[in-house]
Amino acid sequence: MAAAVPFEQWTAEEKYGHFMRRIENGEKIEADDWMPDDYRKALIRLITMHGISEIMGAFPEKEWVPKAPTLRRKLAIMAKVQDEMGHGQLLLRVAEDLVKPCGKTREDILQDLFAKRLKFHNVFHMPSPTWADAAVIAWLVDGAAILSQTMMLKTSYGPYGRALKRICQEESFHAKHGESLTLSLAEGTPAQRRMLQEAIDRWWEPLLMFFGPKTKEATGHTNVDKNLKYKLRTKTNEELRQEFLSKYVPKIRLLGLAIPDPTLRYDDEKGEWIYREPDWNKFKQIVTGNGPKTDERLRLRRTSYENGRWVREALAQWKAAAV
Amino acid sequence: MTPEYRTALIELLYQLADDNFILAYRGSEWLGLTPHIEEDVAFSSINQNAMGHAAIYYQMLEDLGEGKSDDLALLRPPAAFRNAVLLELKNGPGNYWDAPDYDWAFAVVRHFFFDVFKSIRLNALKKSSYPPLAAAAGKIVTEQAYHLMHWETWFVQLMMSTDEARRRMEKALSLCWADAGGLLSLGKWGAVMAEHGLTATEAEWRDQWRQAIGQSFARVGYVPIGEPGMAHGDGRNGEHTADLGEALSILSEVYRSDPQATGW
Ligand SMILES: [Fe+2]
Ligand SMILES: [Fe+2]
């Protein structure tokens with residue numbers, strides 16, 4: 001009987017069966033627990049993408065940090081973007097533990113990013129040409145992120161769940177900050193309102209894309225199914241997108257802003273939102289590293305990383321000497 | 001409050017507000033560009049603190065009838081600014097949004113010099129004859145220990161590791177030293193400020209700063225050449241570089257963009 005045999009001597013199937021029972025029982029998997037390679041790979045893909053998205057996500061907003069209009073807004077957006085970098089840091093640490101058994105480090109993760117082997121969310125490849133973009137990002141992109149992150153709070157991987165708990169608390173501040181920025185512009189001058197409407201027009205399609213395609217036929221891969229099987233996530237892309245529409249369409253309309261989709265309506269019979277499908281080919285282009293701002297932002301990230309090399313070398317030497 | 005006292009007080013408050021405002025801005029340009037992610041997070045806290053301090057001082061000026069604090073920060077011409085020139089100098093070639101070739105050694109030395117000075121100044125201001133200032137200084141000074149430790153750690157580690165780091169740091173040291181005198185200046189109203197007990201005298205905090213910096217230099221075996229200078233002029237008297245004008249146009253770009261706007 002398997003139970004009498006020490007774990008190390010179990011067959012691969014026995015280990016896998018035991019692991020899947022733990023998942024099905026709702027147990028949390030920890031960094032040092034045995035896990036199938038497939039699960040580890042799914043985690044690495046999910047968490048590095050999330051962590052790198054937080055870091056690359058700081059870029060479109062960071063452009064507006066020094067330019068934020070008032071002292072109060074300058075302080076608020078500094079704190080917000082700092083949180084995002086903090087989320088990136090938290091998640092990269094979780095990812096580092098996962099890639100360690102594969103002999104990899106944070107350096108490898110960053111090199112993967114620079115070489116476009118690592119994806120990050122479509123929204124962070126987009127331009128943010130006005131202050132209103134900073135408002136819409138914080139309100140709606142963070143709003144969308146909250147929905148997908150809250151859904152993953154019960155994820156089967158313990159360290160990820162704990163990081164998400166802290167992240168979600170901070171995200172709710174971000175959405176409030178974004179709502180406040182948006183309100184000021186909506187209640188402002190015609191020029192401020194126009195700037196806001198143009199930002200909504202720019203961000204609507206990227207926001208719908210954010211949750212990913214409806215079916216695997218559209219993407220040709222099964223990551224979502226795999227993540228559902230391992231209880232890394234609990235909802236499909238479409239369920240999240242519907243939640244987003246239910247939560248934000250009324251709010252956007254209440255501000256007297258137009259949504260750039262004449263077909264958008266709630267179908268009472270079907271109990272769901274009908275909307276114009278975003279261009280999924282464009283989505284594929286963007287997330288594979290060919291978005292309008294991808295190269296510029298990656299270049300910025302890479303140059304600053306290269307510029308800091310002498311500093312990291314100095315720190316490494318300092319640490320080695322201290323041992 | 002005599003007119004003379006009031007003038008000296010307002011000059012002093014602009015020095016305090018503008019120092020923190022401009023350096024917080026230079027720091028915020030580094031966001032996302034520092035040597036590692038942990039530093040992005042830590043550095044940003046420091047910049048937020050400084051920006052918060054600037055807001056406190058601008059508010060005091062607003063309370064004295066100088067105008068709206070946002071207008072004071074964002075709409076004055078460069079010549080009205082009273083920050084030390086050292087704090088306005090660019091982080092390096094390029095812009096924060098495009099090909100920044102920023103110098104981390106310069107950031108470390110500049111912030112280290114400033115935070116040592118800021119602690120000395122706040123401790124003196126705790127005894128200021130203007131009660132709101134004394135109260136604010138007493139609160140703000142409690143945050144200084146963390147900032148000082150942060151920059152002192154960087155300073156020592158970079159000075160005592162690789163040859164390349166030492167070379168870069170010494171270059172940054174001589175750049176900052178050439179303008180460090182501007183930090184220590186109280187400007188043309190300095191004597192009046194001290195006479196009315198608004199601050200300590202310029203000579204007092206110069207001695208204290210030299211002593212504190214001298215101790216850190218001794219720890220890393222560094223000897224500066226000459227006295228701290230004012231190579232680019234005395235910002236306390238409104239002398240500034242083109243870097244300040246450029247910074248202010250970025251800082252106020254959105255605020256100025258819609259003159260009809262009453263709220264942001
Ligand atoms: Fe975040
Ligand atoms: Fe956020």
# chains A, B, ... in the order shown; residues from 1 in each chain; ligands from 1
>>> interface_residues(of="chain A", to="chain B", cutoff="6 Å", atoms="only C-alpha atoms", output="MDAnalysis selection string")
chainID A and resid 66:67 69:70 82 86 184 189 304 308 314 317:318
>>> residues_around(residues="A:Glu54", least_positions_apart="5", cutoff="7 Å", atoms="only C-alpha atoms", output="VMD selection string")
chain A and resid 84 to 85 87 to 88
>>> residues_near_ligand(ligand="ligand 1", cutoff="9 Å", atoms="only C-alpha atoms and all ligand atoms", output="PyMOL selection string")
chain A and resi 50-51+53-55+57-58+80-81+83-88+142+145-146+167-168+170-171+174
>>> residues_around(residues="A:Arg297", least_positions_apart="5", cutoff="9 Å", atoms="only C-alpha atoms", output="list in words")
Met56, Phe59, Pro60, His125 and Arg302 of chain A; Trp97 of chain B
>>> residues_around(residues="A:Lys284", least_positions_apart="5", cutoff="9 Å", atoms="only C-alpha atoms", output="PyMOL selection string")
chain A and resi 122+219+279+289-290
>>> write_last_selection(atoms="C-alpha atoms", output="PDB file, in the first residue's frame")
ATOM      1  CA  ASN A 122      -2.216  43.978 -23.370  1.00  0.00           C
ATOM      2  CA  THR A 219      -6.584  31.502 -28.851  1.00  0.00           C
ATOM      3  CA  ASP A 279     -10.206  42.511 -32.597  1.00  0.00           C
ATOM      4  CA  GLY A 289       5.182  42.057 -28.061  1.00  0.00           C
ATOM      5  CA  ASN A 290       4.032  44.125 -31.001  1.00  0.00           C
TER       6      ASN A 290
END
>>> residues_around(residues="stretch 220-233 of chain B", least_positions_apart="5", cutoff="6 Å", atoms="only C-alpha atoms", output="MDAnalysis selection string")
chainID B and resid 177:182 239
>>> write_last_selection(atoms="C-alpha atoms", output="compact mmCIF listing (two decimals), in the first residue's frame")
# COMPACT_ATOMS: atom_id res chain seq x y z
CA TRP B 177 30.60 69.46 -3.48
CA ALA B 178 30.87 72.29 -6.01
CA ASP B 179 27.24 73.25 -5.24
CA ALA B 180 26.78 72.00 -1.67
CA GLY B 181 27.43 75.52 -0.40
CA GLY B 182 24.07 76.53 -1.84
CA GLU B 239 19.85 82.40 -8.99
>>> closest_residue(among="B:Pro77, B:Ala8, B:Ile22, B:Pro132", to="B:Asp63", atoms="only C-alpha atoms")
B:Pro132
>>> residues_around(residues="B:Asp19", least_positions_apart="5", cutoff="9 Å", atoms="only C-alpha atoms", output="list in words")
Tyr14, Ala24, Ala50, Ala54, Arg82, Asn83, Ala84, Val85, Leu87, Glu88 and Leu183 of chain B
>>> closest_residue(among="A:Arg233, A:Lys100, A:His18, A:Arg194", to="A:Tyr160", atoms="only C-alpha atoms")
A:Arg233
>>> residues_around(residues="A:Thr105", least_positions_apart="4", cutoff="10 Å", atoms="only C-alpha atoms", output="number ranges by chain")
A: 92-93, 95-101, 109-110
>>> select_by_dssp(residues="stretch 255-288 of chain A", states="helix (DSSP H, G or I)", output="MDAnalysis selection string")
chainID A and resid 280:288
>>> atom_distance(atom1="atom CA of A:Ile44", atom2="atom CA of A:Ala79")
28.0 Å
